[in-house]
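Engineer: My structure is stored as run.txt, with compact mmCIF, N, CA and C atoms.
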```txt
# COMPACT_ATOMS: atom_id res chain seq x y z
N MET T 17 52.70 -13.75 39.90
CA MET T 17 51.95 -12.53 40.18
C MET T 17 50.89 -12.28 39.10
N LYS T 18 51.28 -12.46 37.81
CA LYS T 18 50.33 -12.25 36.72
C LYS T 18 49.17 -13.24 36.82
N ARG T 19 49.49 -14.49 37.20
CA ARG T 19 48.44 -15.51 37.32
C ARG T 19 47.44 -15.13 38.43
N ARG T 20 47.95 -14.67 39.57
CA ARG T 20 47.08 -14.27 40.68
C ARG T 20 46.18 -13.10 40.26
N LEU T 21 46.74 -12.14 39.51
CA LEU T 21 45.97 -11.00 39.03
C LEU T 21 44.89 -11.47 38.06
N ALA T 22 45.22 -12.39 37.16
CA ALA T 22 44.26 -12.91 36.19
C ALA T 22 43.10 -13.63 36.90
N ILE T 23 43.42 -14.43 37.92
CA ILE T 23 42.38 -15.13 38.68
C ILE T 23 41.50 -14.12 39.40
N SER T 24 42.11 -13.11 40.02
CA SER T 24 41.34 -12.09 40.74
C SER T 24 40.41 -11.35 39.79
N LEU T 25 40.87 -10.98 38.63
CA LEU T 25 40.04 -10.28 37.66
C LEU T 25 38.91 -11.16 37.15
N THR T 26 39.18 -12.45 36.95
CA THR T 26 38.14 -13.39 36.50
C THR T 26 37.05 -13.51 37.56
N VAL T 27 37.45 -13.69 38.81
CA VAL T 27 36.47 -13.79 39.90
C VAL T 27 35.68 -12.50 40.02
N ALA T 28 36.33 -11.36 39.94
CA ALA T 28 35.64 -10.07 40.02
C ALA T 28 34.63 -9.94 38.88
N GLY T 29 35.00 -10.39 37.70
CA GLY T 29 34.08 -10.33 36.56
C GLY T 29 32.86 -11.21 36.76
N LEU T 30 33.05 -12.40 37.34
CA LEU T 30 31.92 -13.29 37.60
C LEU T 30 30.99 -12.70 38.64
N VAL T 31 31.55 -12.12 39.68
CA VAL T 31 30.73 -11.50 40.72
C VAL T 31 29.96 -10.32 40.14
N ALA T 32 30.61 -9.50 39.33
CA ALA T 32 29.95 -8.33 38.74
C ALA T 32 28.84 -8.76 37.79
N ALA T 33 28.98 -9.92 37.12
CA ALA T 33 27.99 -10.38 36.15
C ALA T 33 26.83 -11.10 36.82
N SER T 34 26.93 -11.41 38.10
CA SER T 34 25.87 -12.13 38.80
C SER T 34 24.66 -11.23 38.97
N PRO T 35 23.43 -11.83 38.88
CA PRO T 35 22.24 -11.02 39.10
C PRO T 35 22.21 -10.51 40.54
N VAL T 36 21.76 -9.30 40.71
CA VAL T 36 21.72 -8.68 42.03
C VAL T 36 20.27 -8.52 42.43
N ASN T 37 19.96 -8.95 43.62
CA ASN T 37 18.64 -8.76 44.16
C ASN T 37 18.74 -7.69 45.23
N ALA T 38 17.99 -6.62 45.06
CA ALA T 38 18.07 -5.49 45.96
C ALA T 38 17.42 -5.78 47.31
N CYS T 39 16.71 -6.87 47.41
CA CYS T 39 15.99 -7.18 48.62
C CYS T 39 16.73 -8.22 49.45
N GLN T 40 16.98 -7.90 50.68
CA GLN T 40 17.55 -8.87 51.60
C GLN T 40 16.93 -8.62 52.96
N ILE T 41 16.26 -9.63 53.47
CA ILE T 41 15.60 -9.50 54.76
C ILE T 41 16.26 -10.48 55.72
N VAL T 42 16.71 -9.98 56.84
CA VAL T 42 17.33 -10.82 57.86
C VAL T 42 16.47 -10.69 59.12
N MET T 43 15.97 -11.82 59.57
CA MET T 43 15.13 -11.84 60.76
C MET T 43 15.97 -12.27 61.95
N PRO T 44 15.67 -11.74 63.12
CA PRO T 44 16.41 -12.14 64.32
C PRO T 44 16.17 -13.61 64.63
N GLU T 45 17.13 -14.23 65.26
CA GLU T 45 17.01 -15.63 65.64
C GLU T 45 15.80 -15.80 66.55
N GLY T 46 15.03 -16.84 66.30
CA GLY T 46 13.86 -17.12 67.11
C GLY T 46 12.60 -16.40 66.65
N TYR T 47 12.70 -15.61 65.57
CA TYR T 47 11.54 -14.85 65.11
C TYR T 47 10.47 -15.75 64.51
N TRP T 48 10.86 -16.69 63.63
CA TRP T 48 9.89 -17.54 62.93
C TRP T 48 9.10 -18.36 63.93
N GLY T 49 7.78 -18.18 63.91
CA GLY T 49 6.90 -18.90 64.81
C GLY T 49 6.68 -18.22 66.15
N SER T 50 7.38 -17.12 66.38
CA SER T 50 7.24 -16.40 67.66
C SER T 50 5.91 -15.63 67.70
N ALA T 51 5.59 -15.14 68.88
CA ALA T 51 4.38 -14.32 69.04
C ALA T 51 4.47 -13.07 68.16
N GLN T 52 5.65 -12.47 68.05
CA GLN T 52 5.82 -11.29 67.19
C GLN T 52 5.58 -11.65 65.72
N HIS T 53 6.08 -12.78 65.30
CA HIS T 53 5.88 -13.23 63.92
C HIS T 53 4.39 -13.40 63.63
N ARG T 54 3.66 -14.03 64.55
CA ARG T 54 2.22 -14.23 64.37
C ARG T 54 1.48 -12.88 64.34
N ARG T 55 1.90 -11.92 65.18
CA ARG T 55 1.30 -10.58 65.14
C ARG T 55 1.57 -9.91 63.80
N ASP T 56 2.79 -10.04 63.29
CA ASP T 56 3.15 -9.44 62.00
C ASP T 56 2.31 -10.03 60.86
N VAL T 57 2.10 -11.34 60.91
CA VAL T 57 1.28 -11.99 59.88
C VAL T 57 -0.15 -11.45 59.94
N ARG T 58 -0.68 -11.36 61.16
CA ARG T 58 -2.05 -10.84 61.33
C ARG T 58 -2.15 -9.40 60.78
N GLU T 59 -1.18 -8.57 61.08
CA GLU T 59 -1.18 -7.19 60.58
C GLU T 59 -1.08 -7.14 59.06
N ASP T 60 -0.25 -8.01 58.48
CA ASP T 60 -0.13 -8.05 57.02
C ASP T 60 -1.45 -8.44 56.37
N ILE T 61 -2.16 -9.37 56.98
CA ILE T 61 -3.46 -9.78 56.45
C ILE T 61 -4.46 -8.63 56.57
N GLU T 62 -4.44 -7.93 57.70
CA GLU T 62 -5.35 -6.80 57.88
C GLU T 62 -5.07 -5.68 56.88
N ARG T 63 -3.79 -5.44 56.58
CA ARG T 63 -3.41 -4.37 55.65
C ARG T 63 -3.59 -4.75 54.18
N ALA T 64 -3.70 -6.03 53.88
CA ALA T 64 -3.78 -6.48 52.49
C ALA T 64 -4.99 -5.87 51.79
N SER T 65 -4.80 -5.52 50.53
CA SER T 65 -5.90 -5.01 49.72
C SER T 65 -6.85 -6.13 49.32
N VAL T 66 -6.25 -7.24 48.91
CA VAL T 66 -7.01 -8.39 48.41
C VAL T 66 -6.25 -9.66 48.79
N ILE T 67 -6.98 -10.72 49.12
CA ILE T 67 -6.37 -12.04 49.34
C ILE T 67 -7.14 -13.03 48.49
N ILE T 68 -6.41 -13.74 47.64
CA ILE T 68 -7.05 -14.67 46.71
C ILE T 68 -6.27 -15.97 46.61
N ASP T 69 -6.92 -16.97 46.08
CA ASP T 69 -6.26 -18.13 45.51
C ASP T 69 -6.40 -17.93 44.01
N GLY T 70 -5.27 -17.97 43.31
CA GLY T 70 -5.33 -17.69 41.88
C GLY T 70 -4.35 -18.50 41.07
N GLU T 71 -4.55 -18.45 39.75
CA GLU T 71 -3.70 -19.17 38.80
C GLU T 71 -3.19 -18.19 37.75
N VAL T 72 -1.89 -18.24 37.48
CA VAL T 72 -1.26 -17.35 36.50
C VAL T 72 -1.65 -17.80 35.10
N VAL T 73 -2.26 -16.89 34.33
CA VAL T 73 -2.61 -17.19 32.94
C VAL T 73 -1.70 -16.46 31.95
N ARG T 74 -1.04 -15.41 32.41
CA ARG T 74 0.01 -14.72 31.63
C ARG T 74 1.16 -14.43 32.57
N ALA T 75 2.33 -14.92 32.22
CA ALA T 75 3.49 -14.76 33.08
C ALA T 75 3.94 -13.31 33.14
N TRP T 76 4.57 -12.95 34.26
CA TRP T 76 5.13 -11.62 34.46
C TRP T 76 6.34 -11.43 33.54
N THR T 77 6.46 -10.23 32.99
CA THR T 77 7.67 -9.80 32.28
C THR T 77 7.95 -8.38 32.76
N PRO T 78 9.15 -7.86 32.52
CA PRO T 78 9.42 -6.48 32.94
C PRO T 78 8.48 -5.47 32.26
N ASP T 79 7.91 -5.86 31.13
CA ASP T 79 7.01 -4.95 30.40
C ASP T 79 5.55 -5.08 30.79
N LYS T 80 5.15 -6.26 31.30
CA LYS T 80 3.74 -6.50 31.63
C LYS T 80 3.63 -7.27 32.93
N PRO T 81 2.67 -6.87 33.78
CA PRO T 81 2.43 -7.65 34.99
C PRO T 81 1.84 -9.01 34.64
N ALA T 82 1.92 -9.93 35.58
CA ALA T 82 1.27 -11.24 35.40
C ALA T 82 -0.24 -11.03 35.41
N LEU T 83 -0.93 -11.85 34.67
CA LEU T 83 -2.39 -11.86 34.70
C LEU T 83 -2.80 -13.11 35.45
N VAL T 84 -3.62 -12.93 36.48
CA VAL T 84 -4.01 -14.01 37.37
C VAL T 84 -5.52 -14.18 37.33
N ARG T 85 -5.94 -15.43 37.14
CA ARG T 85 -7.37 -15.77 37.23
C ARG T 85 -7.69 -16.03 38.68
N VAL T 86 -8.68 -15.35 39.20
CA VAL T 86 -9.08 -15.48 40.61
C VAL T 86 -9.99 -16.70 40.76
N GLU T 87 -9.57 -17.62 41.62
CA GLU T 87 -10.37 -18.82 41.87
C GLU T 87 -11.19 -18.67 43.15
N HIS T 88 -10.56 -18.27 44.25
CA HIS T 88 -11.25 -18.05 45.53
C HIS T 88 -10.87 -16.68 46.06
N VAL T 89 -11.83 -16.00 46.66
CA VAL T 89 -11.58 -14.70 47.28
C VAL T 89 -11.70 -14.87 48.79
N LEU T 90 -10.63 -14.49 49.49
CA LEU T 90 -10.63 -14.55 50.95
C LEU T 90 -10.74 -13.17 51.57
N LYS T 91 -10.44 -12.13 50.80
CA LYS T 91 -10.59 -10.76 51.28
C LYS T 91 -10.70 -9.83 50.07
N GLY T 92 -11.58 -8.86 50.17
CA GLY T 92 -11.73 -7.87 49.12
C GLY T 92 -12.74 -8.27 48.06
N TYR T 93 -12.76 -7.48 46.98
CA TYR T 93 -13.73 -7.68 45.90
C TYR T 93 -13.04 -7.54 44.55
N PRO T 94 -12.11 -8.45 44.26
CA PRO T 94 -11.41 -8.34 42.98
C PRO T 94 -12.27 -8.84 41.83
N PRO T 95 -11.96 -8.40 40.60
CA PRO T 95 -12.63 -8.96 39.43
C PRO T 95 -12.12 -10.40 39.18
N ASP T 96 -12.62 -11.03 38.15
CA ASP T 96 -12.24 -12.42 37.84
C ASP T 96 -10.77 -12.55 37.43
N PHE T 97 -10.20 -11.50 36.86
CA PHE T 97 -8.79 -11.50 36.45
C PHE T 97 -8.14 -10.24 37.00
N ILE T 98 -6.93 -10.40 37.56
CA ILE T 98 -6.22 -9.25 38.09
C ILE T 98 -4.77 -9.28 37.60
N GLU T 99 -4.13 -8.10 37.62
CA GLU T 99 -2.72 -8.00 37.27
C GLU T 99 -1.89 -7.94 38.54
N VAL T 100 -0.76 -8.67 38.54
CA VAL T 100 0.09 -8.75 39.72
C VAL T 100 1.55 -8.54 39.31
N GLY T 101 2.21 -7.61 39.99
CA GLY T 101 3.65 -7.40 39.78
C GLY T 101 3.96 -6.28 38.83
N GLY T 102 4.55 -5.23 39.35
CA GLY T 102 4.96 -4.10 38.53
C GLY T 102 6.29 -4.35 37.84
N PRO T 103 6.85 -3.33 37.21
CA PRO T 103 8.07 -3.50 36.43
C PRO T 103 9.28 -3.92 37.27
N TYR T 104 9.26 -3.68 38.57
CA TYR T 104 10.41 -4.02 39.41
C TYR T 104 10.18 -5.27 40.25
N ALA T 105 9.13 -6.02 39.96
CA ALA T 105 8.86 -7.24 40.72
C ALA T 105 10.08 -8.15 40.71
N GLY T 106 10.37 -8.71 41.85
CA GLY T 106 11.53 -9.58 41.98
C GLY T 106 12.77 -8.86 42.46
N SER T 107 12.84 -7.55 42.25
CA SER T 107 14.03 -6.82 42.69
C SER T 107 13.72 -5.92 43.88
N ASP T 108 12.47 -5.77 44.23
CA ASP T 108 12.09 -4.89 45.33
C ASP T 108 11.42 -5.65 46.47
N CYS T 109 11.73 -6.91 46.61
CA CYS T 109 11.15 -7.81 47.61
C CYS T 109 9.77 -8.34 47.21
N SER T 110 9.17 -7.81 46.16
CA SER T 110 7.92 -8.40 45.69
C SER T 110 8.24 -9.60 44.82
N LEU T 111 7.27 -10.50 44.69
CA LEU T 111 7.47 -11.72 43.91
C LEU T 111 6.94 -11.51 42.50
N ASN T 112 7.66 -12.02 41.53
CA ASN T 112 7.14 -11.99 40.18
C ASN T 112 6.61 -13.39 39.87
N LEU T 113 5.56 -13.46 39.11
CA LEU T 113 4.93 -14.73 38.78
C LEU T 113 5.32 -15.07 37.35
N GLU T 114 6.42 -15.81 37.21
CA GLU T 114 7.00 -16.06 35.89
C GLU T 114 6.54 -17.35 35.23
N ASN T 115 5.72 -18.15 35.90
CA ASN T 115 5.31 -19.44 35.35
C ASN T 115 3.82 -19.49 35.09
N VAL T 116 3.44 -19.73 33.85
CA VAL T 116 2.03 -19.92 33.50
C VAL T 116 1.55 -21.19 34.18
N GLY T 117 0.36 -21.11 34.77
CA GLY T 117 -0.21 -22.25 35.46
C GLY T 117 0.14 -22.31 36.94
N GLU T 118 1.00 -21.39 37.41
CA GLU T 118 1.33 -21.38 38.83
C GLU T 118 0.06 -21.08 39.61
N ARG T 119 -0.18 -21.91 40.62
CA ARG T 119 -1.35 -21.74 41.49
C ARG T 119 -0.86 -21.49 42.89
N ARG T 120 -1.35 -20.43 43.51
CA ARG T 120 -0.91 -20.11 44.87
C ARG T 120 -1.93 -19.20 45.53
N ARG T 121 -1.83 -19.14 46.85
CA ARG T 121 -2.56 -18.15 47.63
C ARG T 121 -1.77 -16.86 47.56
N MET T 122 -2.45 -15.74 47.34
CA MET T 122 -1.77 -14.45 47.17
C MET T 122 -2.36 -13.42 48.12
N ILE T 123 -1.51 -12.89 48.97
CA ILE T 123 -1.87 -11.79 49.86
C ILE T 123 -1.32 -10.55 49.19
N LEU T 124 -2.21 -9.76 48.59
CA LEU T 124 -1.81 -8.68 47.70
C LEU T 124 -2.00 -7.31 48.34
N SER T 125 -1.12 -6.41 47.97
CA SER T 125 -1.22 -5.04 48.47
C SER T 125 -1.23 -4.08 47.29
N ASN T 126 -1.47 -2.81 47.62
CA ASN T 126 -1.53 -1.75 46.62
C ASN T 126 -2.58 -2.08 45.59
N GLY T 127 -2.27 -1.92 44.33
CA GLY T 127 -3.22 -2.25 43.27
C GLY T 127 -4.25 -1.17 43.07
N PRO T 128 -5.18 -1.36 42.21
CA PRO T 128 -5.44 -2.63 41.55
C PRO T 128 -4.69 -2.85 40.23
N HIS T 129 -3.95 -1.90 39.74
CA HIS T 129 -3.30 -2.08 38.43
C HIS T 129 -1.83 -1.76 38.51
N PRO T 130 -0.93 -2.59 38.84
CA PRO T 130 -1.12 -3.96 39.31
C PRO T 130 -1.07 -4.03 40.83
N TYR T 131 -1.44 -5.18 41.34
CA TYR T 131 -1.25 -5.47 42.76
C TYR T 131 0.20 -5.91 42.97
N ASP T 132 0.67 -5.82 44.21
CA ASP T 132 2.00 -6.30 44.57
C ASP T 132 1.86 -7.54 45.43
N LEU T 133 2.75 -8.51 45.20
CA LEU T 133 2.77 -9.75 45.96
C LEU T 133 4.10 -9.83 46.71
N PHE T 134 4.04 -9.65 48.03
CA PHE T 134 5.26 -9.69 48.84
C PHE T 134 5.37 -10.97 49.66
N ARG T 135 4.27 -11.61 49.97
CA ARG T 135 4.31 -12.77 50.86
C ARG T 135 4.52 -14.03 50.05
N ASP T 136 5.55 -14.79 50.41
CA ASP T 136 5.94 -15.97 49.64
C ASP T 136 5.34 -17.27 50.13
N GLY T 137 4.56 -17.25 51.15
CA GLY T 137 3.96 -18.48 51.66
C GLY T 137 4.76 -19.16 52.74
N SER T 138 5.88 -18.57 53.15
CA SER T 138 6.69 -19.20 54.19
C SER T 138 5.99 -19.17 55.54
N ALA T 139 5.01 -18.32 55.69
CA ALA T 139 4.24 -18.25 56.93
C ALA T 139 2.84 -18.82 56.72
N ALA T 140 2.70 -19.73 55.76
CA ALA T 140 1.39 -20.24 55.36
C ALA T 140 0.57 -20.79 56.52
N GLN T 141 1.20 -21.52 57.42
CA GLN T 141 0.42 -22.10 58.51
C GLN T 141 -0.24 -21.04 59.37
N PHE T 142 0.43 -19.90 59.58
CA PHE T 142 -0.16 -18.82 60.38
C PHE T 142 -1.19 -18.06 59.56
N GLU T 143 -0.87 -17.79 58.29
CA GLU T 143 -1.82 -17.10 57.41
C GLU T 143 -3.11 -17.90 57.30
N ASP T 144 -2.98 -19.20 57.04
CA ASP T 144 -4.16 -20.04 56.86
C ASP T 144 -4.99 -20.14 58.13
N ARG T 145 -4.33 -20.18 59.27
CA ARG T 145 -5.06 -20.25 60.54
C ARG T 145 -5.89 -18.98 60.73
N ILE T 146 -5.31 -17.82 60.44
CA ILE T 146 -6.04 -16.56 60.58
C ILE T 146 -7.18 -16.48 59.58
N LEU T 147 -6.94 -16.94 58.35
CA LEU T 147 -7.95 -16.89 57.29
C LEU T 147 -8.96 -18.03 57.39
N ARG T 148 -8.68 -18.98 58.27
CA ARG T 148 -9.54 -20.17 58.44
C ARG T 148 -9.74 -20.90 57.11
N SER T 149 -8.62 -21.10 56.40
CA SER T 149 -8.66 -21.78 55.11
C SER T 149 -7.31 -22.45 54.86
N ASP T 150 -7.30 -23.77 54.82
CA ASP T 150 -6.07 -24.53 54.62
C ASP T 150 -5.78 -24.63 53.13
N ARG T 151 -4.80 -23.87 52.66
CA ARG T 151 -4.49 -23.85 51.22
C ARG T 151 -4.07 -25.21 50.70
N ARG T 152 -3.52 -26.07 51.56
CA ARG T 152 -3.11 -27.40 51.10
C ARG T 152 -4.31 -28.23 50.65
N LYS T 153 -5.48 -27.98 51.25
CA LYS T 153 -6.70 -28.70 50.89
C LYS T 153 -7.51 -27.94 49.84
N VAL T 154 -7.58 -26.63 49.98
CA VAL T 154 -8.44 -25.82 49.13
C VAL T 154 -7.80 -25.47 47.78
N TRP T 155 -6.52 -25.09 47.80
CA TRP T 155 -5.85 -24.60 46.60
C TRP T 155 -4.35 -24.86 46.74
N PRO T 156 -3.93 -26.12 46.61
CA PRO T 156 -2.51 -26.44 46.81
C PRO T 156 -1.62 -25.75 45.79
N TYR T 157 -0.43 -25.39 46.26
CA TYR T 157 0.54 -24.73 45.39
C TYR T 157 0.89 -25.65 44.23
N PHE T 158 0.98 -25.06 43.04
CA PHE T 158 1.45 -25.76 41.85
C PHE T 158 2.40 -24.79 41.14
N PRO T 159 3.62 -25.21 40.80
CA PRO T 159 4.60 -24.26 40.27
C PRO T 159 4.36 -23.78 38.85
N GLY T 160 3.53 -24.45 38.07
CA GLY T 160 3.32 -24.04 36.69
C GLY T 160 4.52 -24.39 35.82
N THR T 161 4.55 -23.83 34.62
CA THR T 161 5.66 -24.09 33.69
C THR T 161 6.23 -22.77 33.20
N PRO T 162 7.57 -22.72 33.07
CA PRO T 162 8.20 -21.47 32.62
C PRO T 162 7.80 -21.12 31.19
```
Output the structure of this file as structure tokens.

Structural biologist:
Amino acid sequence: MKRRLAISLTVAGLVAASPVNACQIVMPEGYWGSAQHRRDVREDIERASVIIDGEVVRAWTPDKPALVRVEHVLKGYPPDFIEVGGPYAGSDCSLNLENVGERRRMILSNGPHPYDLFRDGSAAQFEDRILRSDRRKVWPYFPGTP
């Protein structure tokens, strides 16, 4: 009995110590690639404040947003450098840019100090079709270094 209690407490401690992400999105089966998914992507692009291809020059920390050098502008009128990710980036469904040198297409909202990045590129083929710009040719993803 004592052994079972010790194992249970150890497992509970490991679960409690695990990082918790407050964001969990569950899509209905058949959603990805559906007409509704394509409409949602189009609406997200229309609502975006700015859409850029950019490179992280200062990584995100809880104290400072990431600093991104703008390479290509697909929507809006951003300056050459923008800040991305507030203090809760990564825990509120927004993405934090933790790697210097990371290159990606960014569909940004809110802002301008800082902008929020919610789209992870999983719908890239639909986003690129709407934007008429193939990121694989124009600005391929590069993960950067931690």

Engineer: Between atom CA of Val116 of chain T and atom CA of Arg135 of chain T, measure the distance and give it in Å to one decimal.

Structural biologist: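 Distance between the two atoms: 18.9 Å.
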
Engineer: Counting all atoms listed in the file, which of T:His129, T:Ala140, T:Asp69, T:Tyr104 gets nearest to Glu87 of chain T?

Structural biologist: T:Asp69

Engineer: If we count only C-alpha atoms and set the cut-off at 12 Å, which residues sit around Arg74 of chain T, ignoring sequence neighbours fewer than 6 positions away in its own chain? Please answer as number ranges by chain.

Structural biologist: T: 80-85, 97-101, 112-118, 160-162

Engineer: May I ask which of the residues T:Tyr131, T:Ser65, T:Leu111, T:Gln141 is the closest one to Tyr93 of chain T, counting only N, CA and C atoms?

Structural biologist: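 Smallest distance to Tyr93 of chain T is found for T:Ser65.
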
Engineer: Just checking: using all atoms listed in the file, which residue out of T:Met43, T:Val57, T:Ile68, T:Leu124 ends up closest to Ile146 of chain T?

Structural biologist: T:Val57

Engineer: So how far away is atom C of Ile41 of chain T from atom C of Asp108 of chain T, in Å?

Structural biologist: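 If I compute the distance from atom C of Asp108 of chain T to atom C of Ile41 of chain T, I get 11.5 Å.
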
Engineer: Let me make sure I understand: among T:Arg121, T:Phe142, T:Asp60, T:Pro78, which one has the smallest atom-to-atom distance to Trp155 of chain T if we use only N, CA and C atoms?

Structural biologist: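 Of all the options, T:Arg121 lies closest to Trp155 of chain T.
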
Engineer: Return as a short mmCIF file (atom, residue, chain, number, x, y, z; two decimals) with N, CA and C atoms, in the frame of the given file the full set of residues in chain T whose backbone-based DSSP assignment is strand (DSSP E or B).

Structural biologist:
```
data_model
loop_
_atom_site.label_atom_id
_atom_site.label_comp_id
_atom_site.auth_asym_id
_atom_site.auth_seq_id
_atom_site.Cartn_x
_atom_site.Cartn_y
_atom_site.Cartn_z
N VAL T 66 -6.25 -7.24 48.91
CA VAL T 66 -7.01 -8.39 48.41
C VAL T 66 -6.25 -9.66 48.79
N ILE T 67 -6.98 -10.72 49.12
CA ILE T 67 -6.37 -12.04 49.34
C ILE T 67 -7.14 -13.03 48.49
N ILE T 68 -6.41 -13.74 47.64
CA ILE T 68 -7.05 -14.67 46.71
C ILE T 68 -6.27 -15.97 46.61
N ASP T 69 -6.92 -16.97 46.08
CA ASP T 69 -6.26 -18.13 45.51
C ASP T 69 -6.40 -17.93 44.01
N GLY T 70 -5.27 -17.97 43.31
CA GLY T 70 -5.33 -17.69 41.88
C GLY T 70 -4.35 -18.50 41.07
N GLU T 71 -4.55 -18.45 39.75
CA GLU T 71 -3.70 -19.17 38.80
C GLU T 71 -3.19 -18.19 37.75
N VAL T 72 -1.89 -18.24 37.48
CA VAL T 72 -1.26 -17.35 36.50
C VAL T 72 -1.65 -17.80 35.10
N VAL T 73 -2.26 -16.89 34.33
CA VAL T 73 -2.61 -17.19 32.94
C VAL T 73 -1.70 -16.46 31.95
N ARG T 74 -1.04 -15.41 32.41
CA ARG T 74 0.01 -14.72 31.63
C ARG T 74 1.16 -14.43 32.57
N ALA T 82 1.92 -9.93 35.58
CA ALA T 82 1.27 -11.24 35.40
C ALA T 82 -0.24 -11.03 35.41
N LEU T 83 -0.93 -11.85 34.67
CA LEU T 83 -2.39 -11.86 34.70
C LEU T 83 -2.80 -13.11 35.45
N VAL T 84 -3.62 -12.93 36.48
CA VAL T 84 -4.01 -14.01 37.37
C VAL T 84 -5.52 -14.18 37.33
N ARG T 85 -5.94 -15.43 37.14
CA ARG T 85 -7.37 -15.77 37.23
C ARG T 85 -7.69 -16.03 38.68
N VAL T 86 -8.68 -15.35 39.20
CA VAL T 86 -9.08 -15.48 40.61
C VAL T 86 -9.99 -16.70 40.76
N GLU T 87 -9.57 -17.62 41.62
CA GLU T 87 -10.37 -18.82 41.87
C GLU T 87 -11.19 -18.67 43.15
N HIS T 88 -10.56 -18.27 44.25
CA HIS T 88 -11.25 -18.05 45.53
C HIS T 88 -10.87 -16.68 46.06
N VAL T 89 -11.83 -16.00 46.66
CA VAL T 89 -11.58 -14.70 47.28
C VAL T 89 -11.70 -14.87 48.79
N LEU T 90 -10.63 -14.49 49.49
CA LEU T 90 -10.63 -14.55 50.95
C LEU T 90 -10.74 -13.17 51.57
N LYS T 91 -10.44 -12.13 50.80
CA LYS T 91 -10.59 -10.76 51.28
C LYS T 91 -10.70 -9.83 50.07
N PHE T 97 -10.20 -11.50 36.86
CA PHE T 97 -8.79 -11.50 36.45
C PHE T 97 -8.14 -10.24 37.00
N ILE T 98 -6.93 -10.40 37.56
CA ILE T 98 -6.22 -9.25 38.09
C ILE T 98 -4.77 -9.28 37.60
N GLU T 99 -4.13 -8.10 37.62
CA GLU T 99 -2.72 -8.00 37.27
C GLU T 99 -1.89 -7.94 38.54
N VAL T 100 -0.76 -8.67 38.54
CA VAL T 100 0.09 -8.75 39.72
C VAL T 100 1.55 -8.54 39.31
N VAL T 116 3.44 -19.73 33.85
CA VAL T 116 2.03 -19.92 33.50
C VAL T 116 1.55 -21.19 34.18
N ARG T 119 -0.18 -21.91 40.62
CA ARG T 119 -1.35 -21.74 41.49
C ARG T 119 -0.86 -21.49 42.89
N ARG T 120 -1.35 -20.43 43.51
CA ARG T 120 -0.91 -20.11 44.87
C ARG T 120 -1.93 -19.20 45.53
N ARG T 121 -1.83 -19.14 46.85
CA ARG T 121 -2.56 -18.15 47.63
C ARG T 121 -1.77 -16.86 47.56
N MET T 122 -2.45 -15.74 47.34
CA MET T 122 -1.77 -14.45 47.17
C MET T 122 -2.36 -13.42 48.12
N ILE T 123 -1.51 -12.89 48.97
CA ILE T 123 -1.87 -11.79 49.86
C ILE T 123 -1.32 -10.55 49.19
N LEU T 124 -2.21 -9.76 48.59
CA LEU T 124 -1.81 -8.68 47.70
C LEU T 124 -2.00 -7.31 48.34
N SER T 125 -1.12 -6.41 47.97
CA SER T 125 -1.22 -5.04 48.47
C SER T 125 -1.23 -4.08 47.29
N ASN T 126 -1.47 -2.81 47.62
CA ASN T 126 -1.53 -1.75 46.62
C ASN T 126 -2.58 -2.08 45.59
N TYR T 131 -1.44 -5.18 41.34
CA TYR T 131 -1.25 -5.47 42.76
C TYR T 131 0.20 -5.91 42.97
N ASP T 132 0.67 -5.82 44.21
CA ASP T 132 2.00 -6.30 44.57
C ASP T 132 1.86 -7.54 45.43
N LEU T 133 2.75 -8.51 45.20
CA LEU T 133 2.77 -9.75 45.96
C LEU T 133 4.10 -9.83 46.71
N PHE T 158 0.98 -25.06 43.04
CA PHE T 158 1.45 -25.76 41.85
C PHE T 158 2.40 -24.79 41.14
N THR T 161 4.55 -23.83 34.62
CA THR T 161 5.66 -24.09 33.69
C THR T 161 6.23 -22.77 33.20
#
```

Engineer: Go through T:Asp150, T:Glu45, T:Glu143, T:Asp79 one by one, measure the shortest atom-to-atom distance of each to Ile67 of chain T using only C-alpha atoms, and give the residue with the smallest value.

Structural biologist: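 Selected residue with least distance to Ile67 of chain T: T:Glu143.
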
Engineer: Between atom N of Val86 of chain T and atom N of Ile123 of chain T, measure the distance and give it in Å to one decimal.

Structural biologist: 12.4 Å

Engineer: Save segment 138-145 of chain T to disk from that block, N, CA and C atoms included, as a tab-separated table (two decimals), in the first residue's frame.

Structural biologist:
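Written file, result.tsv:
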```
chain	number	residue	atom	x	y	z
T	138	SER	N	0.49	26.09	-40.57
T	138	SER	CA	-0.08	24.80	-40.91
T	138	SER	C	-1.06	24.91	-42.08
T	139	ALA	N	-1.53	26.10	-42.35
T	139	ALA	CA	-2.43	26.32	-43.48
T	139	ALA	C	-1.71	27.07	-44.60
T	140	ALA	N	-0.39	26.92	-44.67
T	140	ALA	CA	0.43	27.69	-45.59
T	140	ALA	C	-0.03	27.61	-47.04
T	141	GLN	N	-0.42	26.42	-47.49
T	141	GLN	CA	-0.80	26.30	-48.89
T	141	GLN	C	-2.01	27.16	-49.22
T	142	PHE	N	-2.95	27.29	-48.28
T	142	PHE	CA	-4.13	28.13	-48.52
T	142	PHE	C	-3.77	29.61	-48.37
T	143	GLU	N	-2.98	29.93	-47.34
T	143	GLU	CA	-2.55	31.32	-47.14
T	143	GLU	C	-1.78	31.81	-48.36
T	144	ASP	N	-0.84	31.01	-48.83
T	144	ASP	CA	0.00	31.42	-49.96
T	144	ASP	C	-0.82	31.57	-51.23
T	145	ARG	N	-1.81	30.71	-51.42
T	145	ARG	CA	-2.66	30.81	-52.61
T	145	ARG	C	-3.43	32.13	-52.59
```
